[in-house]
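Structure, as structure tokens:
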Amino acid sequence: MATSDYRELTVNGLWKNNPAIVQLLGLCPLLAVTGSVVNALGLGLATCFVLVASNTTVSLIRNVTADAVRLPTFVMIIAASVTCIELLMQAYSYGLYEVLGIFLPLITTNCVILGRADGFARKNPVLPALYDGLLMGLGFTAVLLVLGALRELAGTGALFANMDLLFGAAAVDWKIVVFADYQPFLLAILPPGAFIFTGLLIALKNLIDDNLQRRAAARAAPVTTGSKRVRVTGNVA
Amino acid sequence: MSLLVVTSPHAHGPLSTSQVMRTVLLATIPGLIALTWYFGPGTLVNVIFGGLVALPCEALALRLRKQPIAPFLKDYSVLVTSTLLCIALPPYAPWWLILVGVAFSVLIAKHLYGGLGYNPFNPAMVGYVVLLISFPLQMSSWSAPVPLIEGTPGVMDALRACFVPASYDGVTMATPLDVLRQNTGQTLEDLYAATPQLGHFGGVGWEVVNLAFLAGGAWLLYRRIFTWHAPAAMLVSLALCAALFYDEGSSSSGGSPLFHLLSGATMFGAFFIITDPVSSAVSNRGRLIFGALIGVLIYTIRVRGNYPDAVAFAVLIANFSAPFIDHYTQPRVYGHGKDQRDE
């Protein structure tokens with residue numbers, strides 16, 4: 001596979017086809033656990049791991065799975081990877097495992113994962129499939145992180161609280177109090193806050209895309225005949 | 001089934017938007033005077049500060065949406081939104097509470113949905129509910145009515161309460177609705193005897209405040225700013241619900257019909273909130289259903305819900321159902337038979 005394909009996979013996963021704010025997949029965990037950075041990061045990493053594992057496995061067996069039973073097969077693979085990550089988290093970050101609760105096993109039903117398995121990994125060799133899983137996972141994690149940070153900041157006035165749940169005792173004092181004396185803004189942490197902030201993030205992405213497109217169009221605008229222009233050096237590209 | 005919404009106006013009124021809005025603002029004056037008389041100047045400070053916040057918010061939103069700024073600022077609609085929200089807020093609210101509420105009302109509930117005439121929910125009530133679920137402590141501390149405490153809070157007290165946090169120690173007291181909500185074992189007669197703020201029917205101060213808003217509303221009705229359907233339906237259905245479950249005032253009773261009509265935000269809601277032409281049902285029959293629904297919801301949430309007053313929640317839920325009500329109450333066009341919408 002050529003390098004340009006990998007570049008496209010990167011751009012797609014992180015921005016152009018971002019699973020969370022463009023495809024709008026996996027909204028359930030996106031809305032439910034992004035109340036704080038540590039929850040968002042924990043679930044993001046878990047999802048990322050599952051995406052990589054399932055994409056790789058699906059790609060490995062892509063030539064031996066019959067079309068008729070491919071979806072059950074994929075779901076079994078995904079469920080197996082989810083069980084792995086669940087047991088891992090139970091062993092190494094029990095606190096976070098408790099906090100995330102039902103949303104860890106629910107990664108199985110996250111449409112992003114089945115979507116990538118069926119839409120990409122099934123038709124592509126192992127390496128691109130693995131890379132696609134990684135980048136899609138990172139794109140998802142990035143959105144979760146931004147959302148978690150925004151909601152934690154707006155909701156409690158602090159950032160990175162309870163990071164020790166994920167990173168162990170070294171992270172106990174990572175909490176940054178941004179606004180001292182802050183009145184907790186409960187709405188941001190409650191479910192409606194998740195919807196509002198997700199909407200604002202999507203709007204922000206569209207705004208940036210619009211601006212980029214306009215700038216690109218202005219750069220590529222053809223020079224019409226007869227139009228006056230200042231003296232230029234070099235050629236009109 | 002497609003839920004088609006007939007857009008108003010069906011008939012052209014002689015009043016322009018800004019005239020209507022100005023009339024509504026004027027009609028809040030009796031209620032404001034009563035609130036100031038019984039609870040001190042806190043509400044006035046709320047309203048003035050809210051207006052000062054609302055205008056820049058509106059200008060900012062219009063600028064971002066590339067709309068003309070001056071004509072929209074001059075139609076007073078944003079001042080109506082902020083005034084209605086600030087009347088609903090507890091007196092002596094801190095400045096940031098008002099700021100968050102007004103900004104949310106104007107920027108998110110009004111302009112993100114398309115601005116004046118497009119908002120599916122009443123912006124003032126959206127702002128109120130946001131504050132209520134975000135800052136329950138500040139939103140549930142109503143100051144005690146002036147006749148029951150010593151020393152009337154002055155304008156300086158109100159300003160300090162608003163702008164210098166924790167500098168003013170106001171006396172707060174459970175509102176009559178709170179008292180009734182937390183009543184567990186007393187018959188209503190004992191409860192009225194034991195709690196001075198319950199007054200005669202709806203609570204000291206609250207009775208007059210509600211009557212004042214009723215007067216303002218009656219004037220609006222006389223000026224034909226809205227029709228009688230929604231307020232009448234709401235008050236009747238609220239009174240009916242209260243009468244049904246009154247059971248002579250036992251400890252599990254929900255309060256007398258008069259109590260419900262004259263306490264909390266009943267009259268304010270009936271004449272100033274649910275009559276919003278944008279977010280309510282559009283036909284007269286629809287408005288009857290819309291108002292009745294709100295009355296039932298208010299009673300249910302007040303007596304059975306977790307929050308003492310319920311006008312804001314009831315209005316938002318009814319706003320949700322307004323398009324549905326409109327769909328089934330479309331007036332028959334003159335000269336046409338039974339309508340054939342669904343065929």
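Naming scheme: A, B, ... for chains in displayed order of the structure tokens; residues 1 onward per chain; ligands 1 onward as shown.
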
Using only C-alpha atoms, I'd like every residue of chain B that has an atom within 9 Å of chain A; please write them out as number ranges by chain. B: 130-131, 133-135

I need the chosen residues saved as an mmCIF file, in the first residue's frame, with C-alpha atoms.
data_model
loop_
_atom_site.group_PDB
_atom_site.id
_atom_site.type_symbol
_atom_site.label_atom_id
_atom_site.label_comp_id
_atom_site.auth_asym_id
_atom_site.auth_seq_id
_atom_site.Cartn_x
_atom_site.Cartn_y
_atom_site.Cartn_z
ATOM 1 C CA VAL B 130 -31.043 25.310 33.061
ATOM 2 C CA LEU B 131 -30.434 27.346 36.208
ATOM 3 C CA ILE B 133 -31.087 21.951 37.515
ATOM 4 C CA SER B 134 -27.570 23.434 37.568
ATOM 5 C CA PHE B 135 -27.685 25.591 40.684
#

I'd like the contact shell of A:Thr109 - 9 Å cut-off, only C-alpha atoms, skipping same-chain residues fewer than 4 positions apart - returned as an NGL selection string. :A and (26 or 75 or 78-79 or 105 or 113-114)

What separates atom CA of B:Leu84 and atom CA of B:Val209 is a distance of 14.3 Å

Would you mind reading off the distance between atom CA of A:Phe103 and atom CA of A:Leu24, one decimal, in Å? 17.4 Å

Using DSSP on the backbone coordinates, identify all residues within stretch 133-168 of chain A classified as alpha helix (DSSP H); present the result as a list in words.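 Of stretch 133-168 of chain A, only Gly133, Leu134, Leu135, Met136, Gly137, Leu138, Gly139, Phe140, Thr141, Ala142, Val143, Leu144, Leu145, Val146, Leu147, Gly148, Ala149, Leu150, Arg151, Glu152, Leu153, Ala154, Gly155, Thr156, Asp164, Leu165, Leu166 and Phe167 of chain A fall in alpha helix (DSSP H).
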
For B:Leu55, the nearest of the candidates B:Phe72, B:Phe39, B:Trp142, B:Phe121, counting only C-alpha atoms: B:Phe72

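Of the listed residues A:Ala53, A:Val38, A:Ile61, A:Leu144, the one whose atoms come nearest to A:Gly168 is A:Val38, with distances taken using only C-alpha atoms.
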
One residue among B:Cys162, B:Leu132, B:Leu62, B:Val179 is nearest to B:Leu112 when using only C-alpha atoms, and that residue is B:Leu62

Between atom CA of B:Pro136 and atom CA of B:Phe201, distance in Å (one decimal):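 Atom-to-atom, atom CA of B:Pro136 to atom CA of B:Phe201, that is 26.4 Å.
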
For the structure I just gave you, how does DSSP split stretch 16-224 of chain A - specifically, which residues are strand (DSSP E)? Reply as a VMD selection string. chain A and resid 158 to 159 176 to 177

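Residues in contact range of A:Leu100, defined as at most 8 Å between only C-alpha atoms, with sequence neighbours fewer than 5 positions away removed, read A:Val33, A:Asn39, A:Leu43.
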
Residue neighbourhood A:Ala180, 9 Å, only C-alpha atoms, exclusion window fewer than 3 positions, as a PDB file with N, CA and C atoms, in the first residue's frame:
ATOM      1  N   GLY A 157     -15.097  23.380  37.057  1.00  0.00           N
ATOM      2  CA  GLY A 157     -14.076  24.423  37.150  1.00  0.00           C
ATOM      3  C   GLY A 157     -12.676  23.864  37.319  1.00  0.00           C
ATOM      4  N   ALA A 158     -12.523  22.550  37.199  1.00  0.00           N
ATOM      5  CA  ALA A 158     -11.193  21.950  37.336  1.00  0.00           C
ATOM      6  C   ALA A 158     -10.956  20.982  36.186  1.00  0.00           C
ATOM      7  N   VAL A 177      -6.965  23.052  39.345  1.00  0.00           N
ATOM      8  CA  VAL A 177      -8.144  23.870  39.596  1.00  0.00           C
ATOM      9  C   VAL A 177      -8.008  25.137  38.753  1.00  0.00           C
TER      10      VAL A 177
END

Quick one: residues within 10 Å of B:Arg304, only C-alpha atoms counted, chain neighbours fewer than 4 positions away excluded, as a PyMOL selection string? chain B and resi 181+254+298-300+308

Polymer residues at most 10 Å from A:Leu106, only C-alpha atoms, same-chain spacing of 5 or more positions, as a ChimeraX atom specification: /A:28-29,79,82,101

Can you tell me which residues surround stretch 198-200 of chain A at a distance of at most 10 Å, considering only C-alpha atoms, apart from same-chain residues fewer than 6 positions away, and format the answer as a ChimeraX atom specification? /A:20-21,24,27,30-31,143-144,146-147,192,206

Grab the residues selected above and save them as a tab-separated table (two decimals), in the first residue's frame with C-alpha atoms.
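Ended up saving to out.tsv:
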chain	number	residue	atom	x	y	z
A	20	ALA	CA	-17.63	10.67	16.58
A	21	ILE	CA	-18.35	14.08	15.10
A	24	LEU	CA	-21.92	10.38	14.57
A	27	LEU	CA	-22.91	8.37	20.50
A	30	LEU	CA	-19.77	9.53	23.80
A	31	LEU	CA	-22.65	11.16	25.62
A	143	VAL	CA	-13.25	13.75	20.53
A	144	LEU	CA	-14.02	12.02	23.83
A	146	VAL	CA	-12.02	17.25	24.16
A	147	LEU	CA	-15.62	16.72	25.21
A	192	PRO	CA	-28.17	17.50	28.33
A	206	ASN	CA	-18.09	22.60	10.26
